>>> print(open('data_36.pdb').read())   # PDB, C-alpha atoms
MODEL        1
ATOM      1  CA  MET A  33      33.294 -28.633  77.850
ATOM      2  CA  SER A  34      31.864 -31.552  79.782
ATOM      3  CA  VAL A  35      29.997 -34.598  78.537
ATOM      4  CA  ASP A  36      28.456 -37.199  80.822
ATOM      5  CA  HIS A  37      29.358 -40.743  79.817
ATOM      6  CA  LYS A  38      26.207 -42.494  80.950
ATOM      7  CA  PRO A  39      25.217 -45.995  79.806
ATOM      8  CA  ASP A  40      22.111 -44.694  78.027
ATOM      9  CA  ASP A  41      24.131 -42.353  75.775
ATOM     10  CA  PRO A  42      23.901 -43.780  72.220
ATOM     11  CA  GLU A  43      27.684 -44.111  71.685
ATOM     12  CA  GLU A  44      28.252 -45.573  75.137
ATOM     13  CA  ARG A  45      25.314 -47.985  74.735
ATOM     14  CA  LYS A  46      26.699 -49.151  71.385
ATOM     15  CA  ARG A  47      30.080 -49.978  72.937
ATOM     16  CA  ILE A  48      28.414 -51.772  75.875
ATOM     17  CA  TYR A  49      26.295 -53.957  73.577
ATOM     18  CA  ASN A  50      29.269 -54.643  71.277
ATOM     19  CA  ALA A  51      31.093 -55.961  74.362
ATOM     20  CA  ASN A  52      28.192 -58.366  75.067
ATOM     21  CA  GLY A  53      26.876 -56.202  77.887
ATOM     22  CA  PHE A  54      23.464 -54.602  78.217
ATOM     23  CA  VAL A  55      21.857 -51.467  79.603
ATOM     24  CA  GLU A  56      18.977 -51.817  82.034
ATOM     25  CA  GLU A  57      17.509 -48.906  84.011
ATOM     26  CA  ASN A  58      20.350 -46.707  82.673
ATOM     27  CA  ARG A  59      22.971 -49.020  84.220
ATOM     28  CA  VAL A  60      25.599 -51.279  82.657
ATOM     29  CA  ASN A  61      24.314 -54.846  83.092
ATOM     30  CA  GLY A  62      21.678 -53.385  85.397
ATOM     31  CA  MET A  63      24.313 -52.513  88.022
ATOM     32  CA  LEU A  64      26.816 -49.764  87.216
ATOM     33  CA  ALA A  65      25.506 -46.219  86.667
ATOM     34  CA  LEU A  66      28.470 -45.082  84.565
ATOM     35  CA  SER A  67      30.141 -46.381  81.470
ATOM     36  CA  ARG A  68      33.706 -45.128  82.000
ATOM     37  CA  ALA A  69      35.694 -45.888  85.131
ATOM     38  CA  LEU A  70      39.214 -46.622  86.346
ATOM     39  CA  GLY A  71      38.223 -49.684  88.368
ATOM     40  CA  ASP A  72      35.172 -51.930  87.965
ATOM     41  CA  PHE A  73      37.248 -54.693  86.391
ATOM     42  CA  GLU A  74      34.345 -57.153  86.243
ATOM     43  CA  TYR A  75      33.080 -55.089  83.268
ATOM     44  CA  LYS A  76      36.454 -55.223  81.499
ATOM     45  CA  GLY A  77      37.041 -58.947  81.200
ATOM     46  CA  ASN A  78      36.266 -59.611  77.533
ATOM     47  CA  THR A  79      39.670 -60.872  76.362
ATOM     48  CA  ALA A  80      38.651 -60.573  72.700
ATOM     49  CA  LEU A  81      38.379 -56.773  73.047
ATOM     50  CA  LYS A  82      40.843 -53.938  73.498
ATOM     51  CA  PRO A  83      40.506 -51.895  76.712
ATOM     52  CA  ILE A  84      38.826 -49.050  74.811
ATOM     53  CA  ASP A  85      36.116 -51.442  73.550
ATOM     54  CA  GLN A  86      35.153 -53.042  76.895
ATOM     55  CA  ALA A  87      31.639 -52.571  78.299
ATOM     56  CA  VAL A  88      33.177 -50.123  80.774
ATOM     57  CA  THR A  89      36.330 -48.375  79.659
ATOM     58  CA  CYS A  90      38.792 -46.045  81.311
ATOM     59  CA  HIS A  91      39.594 -44.447  77.958
ATOM     60  CA  PRO A  92      39.293 -40.685  78.467
ATOM     61  CA  ASP A  93      37.335 -38.305  76.305
ATOM     62  CA  VAL A  94      39.951 -35.580  75.851
ATOM     63  CA  LYS A  95      39.388 -32.095  74.514
ATOM     64  CA  THR A  96      42.012 -29.438  74.023
ATOM     65  CA  ILE A  97      40.984 -25.820  74.229
ATOM     66  CA  LYS A  98      42.971 -22.652  74.439
ATOM     67  CA  ARG A  99      42.745 -21.069  77.857
ATOM     68  CA  THR A 100      41.551 -17.494  77.684
ATOM     69  CA  LYS A 101      41.347 -14.792  80.334
ATOM     70  CA  ASP A 102      37.634 -15.466  80.881
ATOM     71  CA  ILE A 103      38.405 -19.050  82.040
ATOM     72  CA  ARG A 104      39.119 -18.529  85.728
ATOM     73  CA  TYR A 105      39.772 -22.180  86.625
ATOM     74  CA  VAL A 106      39.017 -25.773  85.642
ATOM     75  CA  LEU A 107      36.830 -27.841  87.915
ATOM     76  CA  LEU A 108      37.521 -31.593  87.846
ATOM     77  CA  ALA A 109      35.039 -33.764  89.698
ATOM     78  CA  CYS A 110      33.601 -37.262  89.750
ATOM     79  CA  ASP A 111      30.173 -38.300  88.542
ATOM     80  CA  GLY A 112      28.828 -38.027  92.095
ATOM     81  CA  LEU A 113      29.121 -34.233  91.993
ATOM     82  CA  TRP A 114      27.679 -33.958  88.497
ATOM     83  CA  ASP A 115      24.748 -36.173  89.499
ATOM     84  CA  MET A 116      23.904 -33.647  92.217
ATOM     85  CA  MET A 117      24.786 -30.293  90.630
ATOM     86  CA  THR A 118      24.671 -28.696  87.213
ATOM     87  CA  SER A 119      27.884 -27.153  85.887
ATOM     88  CA  GLU A 120      26.499 -23.724  86.693
ATOM     89  CA  GLU A 121      25.645 -24.708  90.287
ATOM     90  CA  ALA A 122      29.108 -26.191  90.836
ATOM     91  CA  ILE A 123      30.854 -23.083  89.507
ATOM     92  CA  LYS A 124      28.637 -20.845  91.644
ATOM     93  CA  TRP A 125      29.473 -22.974  94.703
ATOM     94  CA  CYS A 126      33.219 -22.682  93.976
ATOM     95  CA  ASN A 127      32.952 -18.932  93.484
ATOM     96  CA  ASP A 128      30.897 -18.470  96.675
ATOM     97  CA  LYS A 129      32.669 -20.921  99.002
ATOM     98  CA  ILE A 130      36.250 -21.175  97.777
ATOM     99  CA  TYR A 131      37.087 -17.999  95.927
ATOM    100  CA  LYS A 132      34.454 -15.759  97.523
ATOM    101  CA  ASP A 133      34.197 -14.046  94.125
ATOM    102  CA  LYS A 134      37.896 -13.113  94.169
ATOM    103  CA  ASP A 135      40.049 -13.699  91.125
ATOM    104  CA  PRO A 136      41.684 -17.144  91.725
ATOM    105  CA  THR A 137      44.789 -16.302  89.702
TER
ENDMDL
END
>>> encode(input="data_36.pdb", output="structure tokens")
Amino acid sequence: MSVDHKPDDPEERKRIYNANGFVEENRVNGMLALSRALGDFEYKGNTALKPIDQAVTCHPDVKTIKRTKDIRYVLLACDGLWDMMTSEEAIKWCNDKIYKDKDPT
């Protein structure tokens, strides 16, 4: 269900360049390691563009799925977690440390 919005992703890179930004060493303008954020207003100052079209946007990538019985919980986390763990590792950690393999419902 998850997609990383990194500056080197083709769609993200296209938006960054269209906003007169650039990607260097997988960072927006050589500085910011993500391309979607709530803050970081210095990357959102192009007055000719809508908020969704800025070099860094807070526009969410939303998916709707039907929850089924095999979906035990939803894990929301920042890029810092996902930079350190795979989805599988994070779920295993939650199961081991939080739920201790008990049904969380």
>>> resolve_selection(input="data_36.pdb", expression="the PyMOL selection byres ((chain A and resi 70-75) around 12)", output="ChimeraX atom specification")
/A:47-49,51-54,59-69,76-79,81,83-92,110
>>> residues_around(input="data_36.pdb", residues="Ser34 of chain A", least_positions_apart="3", cutoff="12 Å", atoms="all atoms listed in the file", output="list in words")
His37, Pro92, Asp93, Val94, Lys95, Thr96, Val106, Leu107, Leu108, Ala109, Cys110, Asp111, Trp114, Thr118, Ser119 and Glu120 of chain A
>>> closest_residue(input="data_36.pdb", among="A:Lys46, A:Val35, A:Met117, A:Cys126", to="Arg104 of chain A", atoms="only C-alpha atoms")
A:Cys126
>>> atom_distance(input="data_36.pdb", atom1="atom CA of Ala80 of chain A", atom2="atom CA of Pro39 of chain A")
21.1 Å
>>> atom_distance(input="data_36.pdb", atom1="atom CA of Leu113 of chain A", atom2="atom CA of Glu44 of chain A")
20.3 Å
>>> resolve_selection(input="data_36.pdb", expression="the PyMOL selection byres ((chain A and resi 103) around 12)", output="JSON, numbers by chain")
{"A": [33, 97, 98, 99, 100, 101, 102, 104, 105, 106, 107, 123, 135, 136, 137]}
>>> axis_aligned_box(input="data_36.pdb", around="segment 96-102 of chain A", padding_each_side="6 Å", output="lines of an AutoDock Vina configuration file")
center_x = 40.3
center_y = -22.1
center_z = 77.5
size_x = 17.3
size_y = 26.6
size_z = 18.9
>>> atom_distance(input="data_36.pdb", atom1="atom CA of Glu57 of chain A", atom2="atom CA of Asp115 of chain A")
15.6 Å
